[in-house]
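Participant: Contents of my_file_8.txt (compact mmCIF, N, CA and C atoms):
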# COMPACT_ATOMS: atom_id res chain seq x y z
N MET D 1 -11.19 16.84 16.44
CA MET D 1 -11.05 16.96 15.00
C MET D 1 -9.61 17.26 14.62
N THR D 2 -8.97 18.18 15.32
CA THR D 2 -7.58 18.52 15.01
C THR D 2 -6.67 17.32 15.20
N THR D 3 -6.89 16.56 16.28
CA THR D 3 -6.06 15.38 16.56
C THR D 3 -6.15 14.39 15.41
N THR D 4 -7.35 14.14 14.92
CA THR D 4 -7.54 13.20 13.81
C THR D 4 -6.76 13.67 12.59
N THR D 5 -6.82 14.95 12.31
CA THR D 5 -6.10 15.48 11.16
C THR D 5 -4.60 15.29 11.34
N ARG D 6 -4.08 15.53 12.53
CA ARG D 6 -2.65 15.34 12.78
C ARG D 6 -2.26 13.88 12.61
N GLN D 7 -3.07 12.97 13.15
CA GLN D 7 -2.75 11.55 13.03
C GLN D 7 -2.73 11.14 11.57
N LYS D 8 -3.71 11.59 10.82
CA LYS D 8 -3.77 11.26 9.40
C LYS D 8 -2.54 11.83 8.70
N SER D 9 -2.15 13.05 9.04
CA SER D 9 -0.99 13.68 8.44
C SER D 9 0.27 12.90 8.79
N ASN D 10 0.42 12.50 10.06
CA ASN D 10 1.59 11.72 10.46
C ASN D 10 1.63 10.39 9.73
N SER D 11 0.49 9.74 9.61
CA SER D 11 0.43 8.47 8.89
C SER D 11 0.82 8.67 7.44
N THR D 12 0.31 9.71 6.84
CA THR D 12 0.63 9.99 5.44
C THR D 12 2.12 10.26 5.29
N ASN D 13 2.69 11.04 6.20
CA ASN D 13 4.12 11.33 6.14
C ASN D 13 4.95 10.06 6.29
N LEU D 14 4.58 9.19 7.26
CA LEU D 14 5.29 7.92 7.44
C LEU D 14 5.21 7.07 6.18
N LEU D 15 4.03 7.03 5.59
CA LEU D 15 3.84 6.24 4.38
C LEU D 15 4.69 6.79 3.24
N GLU D 16 4.62 8.08 3.01
CA GLU D 16 5.39 8.69 1.92
C GLU D 16 6.90 8.45 2.10
N GLU D 17 7.39 8.57 3.34
CA GLU D 17 8.81 8.33 3.60
C GLU D 17 9.18 6.88 3.30
N ALA D 18 8.34 5.95 3.73
CA ALA D 18 8.62 4.53 3.51
C ALA D 18 8.61 4.18 2.02
N LEU D 19 7.76 4.85 1.27
CA LEU D 19 7.66 4.55 -0.16
C LEU D 19 8.88 5.04 -0.95
N ASN D 20 9.70 5.87 -0.30
CA ASN D 20 10.94 6.32 -0.95
C ASN D 20 12.05 5.28 -0.82
N GLN D 21 11.83 4.25 -0.02
CA GLN D 21 12.80 3.16 0.13
C GLN D 21 12.65 2.20 -1.04
N PRO D 22 13.70 1.42 -1.33
CA PRO D 22 13.58 0.44 -2.41
C PRO D 22 12.48 -0.57 -2.10
N PRO D 23 11.75 -1.02 -3.12
CA PRO D 23 10.68 -1.99 -2.88
C PRO D 23 11.25 -3.32 -2.40
N ILE D 24 10.42 -4.08 -1.65
CA ILE D 24 10.83 -5.40 -1.18
C ILE D 24 10.56 -6.46 -2.25
N GLY D 25 9.83 -6.06 -3.29
CA GLY D 25 9.54 -6.97 -4.39
C GLY D 25 8.70 -6.27 -5.43
N GLU D 26 8.60 -6.90 -6.60
CA GLU D 26 7.75 -6.37 -7.67
C GLU D 26 7.03 -7.52 -8.34
N THR D 27 5.80 -7.25 -8.73
CA THR D 27 5.01 -8.20 -9.50
C THR D 27 4.52 -7.46 -10.75
N ALA D 28 3.69 -8.11 -11.54
CA ALA D 28 3.26 -7.52 -12.82
C ALA D 28 2.64 -6.13 -12.66
N ASN D 29 1.79 -5.97 -11.64
CA ASN D 29 1.04 -4.71 -11.51
C ASN D 29 1.39 -3.87 -10.29
N PHE D 30 2.29 -4.38 -9.43
CA PHE D 30 2.55 -3.69 -8.16
C PHE D 30 4.04 -3.68 -7.81
N ALA D 31 4.45 -2.60 -7.15
CA ALA D 31 5.73 -2.55 -6.44
C ALA D 31 5.35 -2.67 -4.96
N TRP D 32 6.08 -3.47 -4.21
CA TRP D 32 5.73 -3.79 -2.82
C TRP D 32 6.73 -3.17 -1.86
N ASN D 33 6.21 -2.51 -0.82
CA ASN D 33 7.05 -1.89 0.20
C ASN D 33 6.56 -2.28 1.59
N ALA D 34 7.50 -2.45 2.50
CA ALA D 34 7.16 -2.60 3.92
C ALA D 34 7.13 -1.20 4.50
N THR D 35 6.04 -0.84 5.17
CA THR D 35 5.88 0.50 5.73
C THR D 35 5.46 0.38 7.18
N PRO D 36 5.55 1.46 7.96
CA PRO D 36 5.05 1.43 9.34
C PRO D 36 3.54 1.17 9.43
N LEU D 37 2.83 1.40 8.33
CA LEU D 37 1.38 1.17 8.33
C LEU D 37 1.02 -0.25 7.95
N GLY D 38 1.94 -0.96 7.31
CA GLY D 38 1.68 -2.32 6.84
C GLY D 38 2.37 -2.54 5.50
N ILE D 39 2.01 -3.62 4.84
CA ILE D 39 2.56 -3.91 3.51
C ILE D 39 1.83 -3.03 2.50
N ALA D 40 2.59 -2.32 1.69
CA ALA D 40 2.00 -1.44 0.67
C ALA D 40 2.22 -2.02 -0.71
N ALA D 41 1.15 -2.10 -1.47
CA ALA D 41 1.20 -2.50 -2.87
C ALA D 41 0.94 -1.25 -3.70
N ILE D 42 1.95 -0.77 -4.37
CA ILE D 42 1.83 0.45 -5.18
C ILE D 42 1.45 0.05 -6.59
N TYR D 43 0.27 0.47 -7.02
CA TYR D 43 -0.22 0.11 -8.35
C TYR D 43 0.62 0.81 -9.40
N LYS D 44 1.10 0.06 -10.38
CA LYS D 44 2.00 0.60 -11.41
C LYS D 44 1.27 1.35 -12.53
N GLY D 45 0.00 1.07 -12.73
CA GLY D 45 -0.72 1.68 -13.84
C GLY D 45 -1.48 2.93 -13.42
N ILE D 46 -2.36 3.36 -14.27
CA ILE D 46 -3.25 4.47 -13.95
C ILE D 46 -4.24 3.98 -12.92
N SER D 47 -4.47 4.78 -11.89
CA SER D 47 -5.36 4.37 -10.80
C SER D 47 -6.73 3.98 -11.34
N PRO D 48 -7.16 2.76 -11.04
CA PRO D 48 -8.49 2.31 -11.48
C PRO D 48 -9.58 2.96 -10.64
N SER D 49 -10.82 2.85 -11.08
CA SER D 49 -11.93 3.46 -10.34
C SER D 49 -12.19 2.75 -9.02
N LYS D 50 -11.81 1.49 -8.93
CA LYS D 50 -12.00 0.70 -7.70
C LYS D 50 -10.65 0.10 -7.31
N PRO D 51 -10.23 0.23 -6.04
CA PRO D 51 -8.93 -0.34 -5.66
C PRO D 51 -8.86 -1.84 -5.97
N PRO D 52 -7.81 -2.28 -6.65
CA PRO D 52 -7.71 -3.68 -7.09
C PRO D 52 -7.16 -4.62 -6.01
N TYR D 53 -7.88 -4.70 -4.88
CA TYR D 53 -7.40 -5.52 -3.77
C TYR D 53 -7.22 -6.98 -4.16
N GLU D 54 -8.18 -7.55 -4.88
CA GLU D 54 -8.10 -8.98 -5.22
C GLU D 54 -6.88 -9.27 -6.09
N GLN D 55 -6.58 -8.38 -7.02
CA GLN D 55 -5.39 -8.55 -7.86
C GLN D 55 -4.13 -8.48 -7.01
N ALA D 56 -4.10 -7.56 -6.05
CA ALA D 56 -2.93 -7.43 -5.17
C ALA D 56 -2.76 -8.68 -4.31
N ILE D 57 -3.85 -9.22 -3.80
CA ILE D 57 -3.77 -10.44 -2.99
C ILE D 57 -3.20 -11.59 -3.83
N LYS D 58 -3.68 -11.70 -5.06
CA LYS D 58 -3.21 -12.76 -5.97
C LYS D 58 -1.72 -12.60 -6.26
N GLU D 59 -1.30 -11.38 -6.57
CA GLU D 59 0.10 -11.14 -6.89
C GLU D 59 0.99 -11.23 -5.65
N GLY D 60 0.46 -10.88 -4.49
CA GLY D 60 1.22 -11.02 -3.24
C GLY D 60 1.63 -12.45 -2.98
N GLU D 61 0.78 -13.39 -3.40
CA GLU D 61 1.11 -14.81 -3.24
C GLU D 61 2.38 -15.18 -4.01
N GLU D 62 2.64 -14.49 -5.12
CA GLU D 62 3.87 -14.73 -5.89
C GLU D 62 5.11 -14.40 -5.07
N LEU D 63 4.96 -13.52 -4.08
CA LEU D 63 6.06 -13.13 -3.20
C LEU D 63 5.95 -13.82 -1.84
N SER D 64 5.16 -14.89 -1.79
CA SER D 64 4.94 -15.67 -0.56
C SER D 64 4.29 -14.86 0.55
N MET D 65 3.40 -13.94 0.18
CA MET D 65 2.64 -13.17 1.17
C MET D 65 1.17 -13.55 1.06
N ASP D 66 0.59 -14.03 2.16
CA ASP D 66 -0.84 -14.31 2.20
C ASP D 66 -1.52 -13.10 2.84
N LEU D 67 -2.10 -12.26 2.00
CA LEU D 67 -2.73 -11.03 2.45
C LEU D 67 -4.25 -11.16 2.56
N SER D 68 -4.75 -12.35 2.32
CA SER D 68 -6.20 -12.55 2.21
C SER D 68 -6.96 -12.25 3.49
N ARG D 69 -6.32 -12.38 4.65
CA ARG D 69 -7.02 -12.15 5.92
C ARG D 69 -6.70 -10.79 6.55
N GLU D 70 -5.89 -10.02 5.87
CA GLU D 70 -5.46 -8.73 6.42
C GLU D 70 -6.53 -7.66 6.22
N GLU D 71 -6.53 -6.69 7.12
CA GLU D 71 -7.35 -5.49 6.93
C GLU D 71 -6.74 -4.74 5.75
N ARG D 72 -7.53 -3.90 5.10
CA ARG D 72 -7.00 -3.18 3.94
C ARG D 72 -7.58 -1.78 3.84
N GLU D 73 -6.77 -0.91 3.29
CA GLU D 73 -7.20 0.46 3.01
C GLU D 73 -6.33 0.95 1.86
N PHE D 74 -6.70 2.09 1.31
CA PHE D 74 -5.89 2.64 0.23
C PHE D 74 -5.59 4.11 0.50
N HIS D 75 -4.50 4.56 -0.08
CA HIS D 75 -4.08 5.96 0.01
C HIS D 75 -3.61 6.39 -1.37
N LEU D 76 -3.89 7.61 -1.72
CA LEU D 76 -3.32 8.20 -2.94
C LEU D 76 -2.05 8.91 -2.51
N THR D 77 -0.92 8.48 -3.05
CA THR D 77 0.37 9.01 -2.64
C THR D 77 1.08 9.63 -3.83
N GLN D 78 2.24 10.21 -3.56
CA GLN D 78 3.04 10.78 -4.64
C GLN D 78 3.48 9.69 -5.63
N LYS D 79 3.58 8.45 -5.16
CA LYS D 79 3.97 7.33 -6.01
C LYS D 79 2.79 6.72 -6.73
N GLY D 80 1.57 7.12 -6.38
CA GLY D 80 0.37 6.58 -7.00
C GLY D 80 -0.53 5.93 -5.97
N LEU D 81 -1.42 5.08 -6.44
CA LEU D 81 -2.37 4.38 -5.58
C LEU D 81 -1.63 3.34 -4.74
N ALA D 82 -1.74 3.46 -3.42
CA ALA D 82 -1.10 2.52 -2.50
C ALA D 82 -2.18 1.74 -1.77
N LEU D 83 -2.19 0.43 -1.94
CA LEU D 83 -3.08 -0.44 -1.19
C LEU D 83 -2.30 -0.90 0.02
N ILE D 84 -2.86 -0.71 1.21
CA ILE D 84 -2.17 -1.06 2.46
C ILE D 84 -2.87 -2.26 3.07
N PHE D 85 -2.08 -3.28 3.42
CA PHE D 85 -2.58 -4.48 4.08
C PHE D 85 -1.94 -4.54 5.47
N TYR D 86 -2.77 -4.69 6.50
CA TYR D 86 -2.26 -4.70 7.87
C TYR D 86 -3.13 -5.57 8.77
N SER D 87 -2.56 -5.95 9.92
CA SER D 87 -3.32 -6.76 10.89
C SER D 87 -3.86 -5.88 12.00
Rewrite the structure of this file - the entire thing - as structure tokens.

Facilitator:
Amino acid sequence: MTTTTRQKSNSTNLLEEALNQPPIGETANFAWNATPLGIAAIYKGISPSKPPYEQAIKEGEELSMDLSREEREFHLTQKGLALIFYS
């Protein structure tokens, strides 16, 4: 149990640090960052009740990213709702 908590904490710390870097791109609803966990889509608005993965996939295409086959998860960060896409 303690190990899981540490790993989650390390992942969160890595993510938060990466989100302090300039974004690799921006679309209508997201700021995009490359992170050690994967591509992060930071939602610009108020966090919706359901993570807007489909909207992020659609907008990612505008930046030439095909995220449709990637695994996905979300994190609530200091910057807001972060959707993470990874292989």

Participant: Pull the helix (DSSP H, G or I) assignments for chain D out of DSSP run on the backbone, and list those residues as JSON, numbers by chain.

Facilitator: {"D": [2, 3, 4, 5, 6, 7, 8, 9, 10, 11, 12, 13, 14, 15, 16, 17, 18, 19, 53, 54, 55, 56, 57, 58, 59, 60, 61, 62]}

Participant: Can you tell me how far atom CA of D:Asn10 sits from atom CA of D:Pro36, in Å to one decimal?

Facilitator: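 Distance between the two atoms: 10.9 Å.
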
Participant: May I ask which of the residues D:Arg72, D:Ile57, D:Thr12, D:Glu17 is the closest one to D:Phe30, counting only C-alpha atoms?

Facilitator: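 Of D:Arg72, D:Ile57, D:Thr12, D:Glu17, the one nearest D:Phe30, counting only C-alpha atoms, is D:Ile57.
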
Participant: Name the residues of stretch 4-85 of chain D that come out as strand (DSSP E or B) in a backbone DSSP run; write them as an MDAnalysis selection string.

Facilitator: chainID D and resid 25:26 30:35 38:43 71:77 80:85

Participant: Which is closer to D:Thr77 than all the others in D:Glu26, D:Glu61, D:Glu54, D:Glu16, using only N, CA and C atoms?

Facilitator: D:Glu16

Participant: Using all atoms listed in the file, which residues sit within 8 Å of D:Leu14 once same-chain residues fewer than 6 positions away are excluded, as number ranges by chain?

Facilitator: D: 8, 20, 35-37

Participant: With N, CA and C atoms kept, could you save the residues just selected as a compact mmCIF listing (two decimals), in the frame of the given file?

Facilitator:
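Listing of part.txt after writing:
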# COMPACT_ATOMS: atom_id res chain seq x y z
N LYS D 8 -3.71 11.59 10.82
CA LYS D 8 -3.77 11.26 9.40
C LYS D 8 -2.54 11.83 8.70
N ASN D 20 9.70 5.87 -0.30
CA ASN D 20 10.94 6.32 -0.95
C ASN D 20 12.05 5.28 -0.82
N THR D 35 6.04 -0.84 5.17
CA THR D 35 5.88 0.50 5.73
C THR D 35 5.46 0.38 7.18
N PRO D 36 5.55 1.46 7.96
CA PRO D 36 5.05 1.43 9.34
C PRO D 36 3.54 1.17 9.43
N LEU D 37 2.83 1.40 8.33
CA LEU D 37 1.38 1.17 8.33
C LEU D 37 1.02 -0.25 7.95

Participant: Find the residues around D:Gly45 up to 7 Å (only N, CA and C atoms counted), leave out those fewer than 2 positions away in its own chain, and share them as a list in words.

Facilitator: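 Here the answer would be Asn29, Phe30, Ile42, Tyr43, Ser47 and Pro48 of chain D.
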
Participant: Next, dump the selected residues to file, keeping only N, CA and C atoms, as a compact mmCIF listing (two decimals), in the coordinates of the input.

Facilitator:
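Result saved to again37.txt:
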# COMPACT_ATOMS: atom_id res chain seq x y z
N ASN D 29 1.79 -5.97 -11.64
CA ASN D 29 1.04 -4.71 -11.51
C ASN D 29 1.39 -3.87 -10.29
N PHE D 30 2.29 -4.38 -9.43
CA PHE D 30 2.55 -3.69 -8.16
C PHE D 30 4.04 -3.68 -7.81
N ILE D 42 1.95 -0.77 -4.37
CA ILE D 42 1.83 0.45 -5.18
C ILE D 42 1.45 0.05 -6.59
N TYR D 43 0.27 0.47 -7.02
CA TYR D 43 -0.22 0.11 -8.35
C TYR D 43 0.62 0.81 -9.40
N SER D 47 -4.47 4.78 -11.89
CA SER D 47 -5.36 4.37 -10.80
C SER D 47 -6.73 3.98 -11.34
N PRO D 48 -7.16 2.76 -11.04
CA PRO D 48 -8.49 2.31 -11.48
C PRO D 48 -9.58 2.96 -10.64

Participant: Rounded to one decimal place, report the atom C of D:Thr27-atom C of D:Lys44 distance in Å.

Facilitator: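 Atom C of D:Thr27 sits 9.6 Å away from atom C of D:Lys44.
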
Participant: Could you pull the residues within 12 Å of D:Asp66, counting only C-alpha atoms, minus those fewer than 2 positions along the same chain, as number ranges by chain?

Facilitator: D: 39, 54, 56-64, 68-71, 85-87

Participant: Would you compute the distance between atom C of D:Ala82 and atom CA of D:Ala41? Give it in Å to one decimal.

Facilitator: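 These two atoms are separated by 5.5 Å.
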
Participant: Please identify all polymer residues within 8 Å of D:Ile46, counting only N, CA and C atoms, omitting same-chain residues fewer than 3 positions from it, and present them as a list in words.

Facilitator: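 Close residues of D:Ile46: Tyr43, Ser49, Gly80 and Leu81 of chain D.
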